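Chemist: One structure coming up, written as structure tokens, with questions to follow.
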Amino acid sequence: MGTNKGLESIVDKKYVNPNRDWIKIKKSLYNYNLAIFDECISDSLFETNGNIIRKICKILDIKTKIVSDIETDLKGTARLVEICRSMNATVYISGKSGKNYMDVDMFSRNNIDLIFQDDIDIIKKPILEILKEKSHV
């Protein structure tokens, strides 16, 4: 979809044809009325993702402050820990696959609790299902 591939920053990634690409996405998810996100689409992947996240928060009445990522040259676990520290976070919730590549001890050394989604009792439901129930998506 995008013109850039590989390890470029998401901020730099652009869609070749955002409207055509969005139509393809909507067709592939035919069980959902994704037209509510039409206004969120731009040629920037970063802007599009942010717009969709803010729209979902509005629909679900989520008032959590959303901030952009911090600038850092760090990679991997060190980057995640630095982001947590910059936000004064005491807990980081990771997907279950994080166990395969993250330095678990780096979190504890920085007084950040690391929780894997499989280790907590959460409702596991795709966001599009939640939106469908909430707003007839």
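Within each chain, counting starts at residue 1; across the structure tokens, chains are named A, B, ... in the order shown, with ligands numbered 1 upward in that order.
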If you count only C-alpha atoms, which residues fall within 10 Å of region 102-113 of chain A, apart from same-chain ones fewer than 4 positions away, as a PDB file with C-alpha atoms, in the first residue's frame?

Modeler:
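File produced: selection_5.pdb:
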```pdb
ATOM      1  CA  GLY A  76      13.871  -2.628  21.099  1.00  0.00           C
ATOM      2  CA  THR A  77      13.276  -2.978  24.823  1.00  0.00           C
ATOM      3  CA  ALA A  78      15.496   0.000  25.655  1.00  0.00           C
ATOM      4  CA  LEU A  80      10.068   0.876  25.216  1.00  0.00           C
ATOM      5  CA  VAL A  81      11.571   1.435  28.672  1.00  0.00           C
ATOM      6  CA  GLU A  82      12.623   4.974  27.733  1.00  0.00           C
ATOM      7  CA  CYS A  84       7.648   4.414  29.750  1.00  0.00           C
ATOM      8  CA  ARG A  85      10.113   6.466  31.810  1.00  0.00           C
ATOM      9  CA  ASN A  88       6.245   8.219  34.226  1.00  0.00           C
ATOM     10  CA  ALA A  89       4.631   4.859  33.491  1.00  0.00           C
ATOM     11  CA  THR A  90       4.893   2.180  36.146  1.00  0.00           C
ATOM     12  CA  VAL A  91       3.311  -0.602  34.058  1.00  0.00           C
ATOM     13  CA  TYR A  92       3.805  -1.730  30.462  1.00  0.00           C
ATOM     14  CA  ILE A  93       1.286  -4.144  28.944  1.00  0.00           C
ATOM     15  CA  SER A  94       2.693  -6.188  26.081  1.00  0.00           C
ATOM     16  CA  SER A  97       4.676 -12.415  21.663  1.00  0.00           C
ATOM     17  CA  GLY A  98       6.754  -9.844  23.589  1.00  0.00           C
TER      18      GLY A  98
END
```

Chemist: If we count only C-alpha atoms and set the cut-off at 10 Å, which residues sit around Gly50 (chain A), ignoring sequence neighbours fewer than 3 positions away in its own chain? Please answer as a PyMOL selection string.

Modeler: chain A and resi 40-41+44-47+53-56+66-68

Chemist: Convert the current residue selection to file output with C-alpha atoms, as a JSON list (two decimals), in the first residue's frame.

Modeler:
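Saved the output as again.json:
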```
[["chain", "number", "residue", "atom", "x", "y", "z"],
["A", 40, "CYS", "CA", -9.74, 10.02, 8.92],
["A", 41, "ILE", "CA", -7.84, 8.99, 5.81],
["A", 44, "SER", "CA", 0.18, 9.86, 5.74],
["A", 45, "LEU", "CA", -0.01, 6.50, 7.52],
["A", 46, "PHE", "CA", 0.90, 8.23, 10.79],
["A", 47, "GLU", "CA", -1.88, 10.83, 10.47],
["A", 53, "ILE", "CA", -7.53, 6.18, 17.08],
["A", 54, "ARG", "CA", -9.00, 9.57, 18.05],
["A", 55, "LYS", "CA", -12.27, 8.72, 16.29],
["A", 56, "ILE", "CA", -12.49, 5.38, 18.12],
["A", 66, "ILE", "CA", -2.99, 10.73, 23.59],
["A", 67, "VAL", "CA", 0.58, 11.84, 23.03],
["A", 68, "SER", "CA", 2.97, 11.25, 20.16]]
```

Chemist: Please report, as a VMD selection string, each residue of chain A to which DSSP assigns strand (DSSP E or B) when run on this structure's backbone.

Modeler: chain A and resid 2 14 to 15 44 91 to 94 113 to 116

Chemist: Residues within 10 Å of Asp69 (chain A), please, as a list in words. Count only C-alpha atoms; anything in the same chain fewer than 3 positions from it doesn't count.

Modeler: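 Everything that qualifies: Ile66, Thr72, Ile83 and Ser86 of chain A.
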
Chemist: Next, write the just-selected residues to a file, as a PDB file, in the first residue's frame, keeping C-alpha atoms as the atom set.

Modeler:
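Heads up, here's the output in part.pdb:
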```pdb
ATOM      1  CA  ILE A  66      -2.994  10.726  23.592  1.00  0.00           C
ATOM      2  CA  THR A  72      14.974   8.525  20.535  1.00  0.00           C
ATOM      3  CA  ILE A  83       9.115   5.769  26.492  1.00  0.00           C
ATOM      4  CA  SER A  86       9.367   9.650  29.838  1.00  0.00           C
TER       5      SER A  86
END
```

Chemist: Would you return as number ranges by chain the members of chain A that DSSP assigns to helix (DSSP H, G or I) on this structure's backbone?

Modeler: A: 10-12, 18-28, 34-40, 45-59, 76-86, 96-100, 104-109, 117-119, 127-135

Chemist: If you count only C-alpha atoms, which residues fall within 12 Å of Tyr32 (chain A), apart from same-chain ones fewer than 5 positions away, as a list of chain:residue names?

Modeler: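 Skipping anything fewer than 5 positions along the chain leaves A:Ile25, A:Lys26, A:Lys27, A:Phe37, A:Pro126, A:Ile127, A:Leu128, A:Glu129, A:Ile130, A:Leu131, A:Lys132, A:Glu133, A:Ser135, A:His136, A:Val137.
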
Chemist: Dump N, CA and C atoms for the selected residues as a compact mmCIF listing (two decimals), in the first residue's frame?

Modeler:
```
# COMPACT_ATOMS: atom_id res chain seq x y z
N ILE A 25 -9.33 -1.64 1.82
CA ILE A 25 -9.43 -2.06 3.22
C ILE A 25 -10.89 -2.25 3.60
N LYS A 26 -11.73 -1.29 3.23
CA LYS A 26 -13.15 -1.38 3.56
C LYS A 26 -13.80 -2.61 2.93
N LYS A 27 -13.44 -2.93 1.70
CA LYS A 27 -14.00 -4.11 1.02
C LYS A 27 -13.55 -5.39 1.69
N PHE A 37 -14.97 6.11 9.23
CA PHE A 37 -13.57 6.50 9.28
C PHE A 37 -13.10 7.19 7.99
N PRO A 126 -12.08 -8.06 19.27
CA PRO A 126 -11.55 -7.11 18.30
C PRO A 126 -12.25 -5.75 18.40
N ILE A 127 -11.48 -4.70 18.20
CA ILE A 127 -12.03 -3.34 18.33
C ILE A 127 -13.19 -3.12 17.37
N LEU A 128 -13.14 -3.73 16.19
CA LEU A 128 -14.25 -3.54 15.26
C LEU A 128 -15.53 -4.17 15.78
N GLU A 129 -15.43 -5.25 16.54
CA GLU A 129 -16.61 -5.86 17.17
C GLU A 129 -17.18 -4.92 18.23
N ILE A 130 -16.31 -4.33 19.02
CA ILE A 130 -16.76 -3.40 20.05
C ILE A 130 -17.43 -2.20 19.42
N LEU A 131 -16.84 -1.67 18.36
CA LEU A 131 -17.43 -0.51 17.67
C LEU A 131 -18.76 -0.88 17.02
N LYS A 132 -18.84 -2.09 16.49
CA LYS A 132 -20.09 -2.54 15.87
C LYS A 132 -21.22 -2.55 16.88
N GLU A 133 -20.92 -3.02 18.08
CA GLU A 133 -21.92 -3.04 19.15
C GLU A 133 -22.28 -1.63 19.61
N SER A 135 -21.74 1.44 17.95
CA SER A 135 -22.22 2.47 17.03
C SER A 135 -22.73 1.90 15.71
N HIS A 136 -22.98 0.64 15.69
CA HIS A 136 -23.51 0.00 14.47
C HIS A 136 -22.55 0.12 13.30
N VAL A 137 -21.26 -0.07 13.58
CA VAL A 137 -20.24 -0.02 12.52
C VAL A 137 -20.46 -1.18 11.58
```
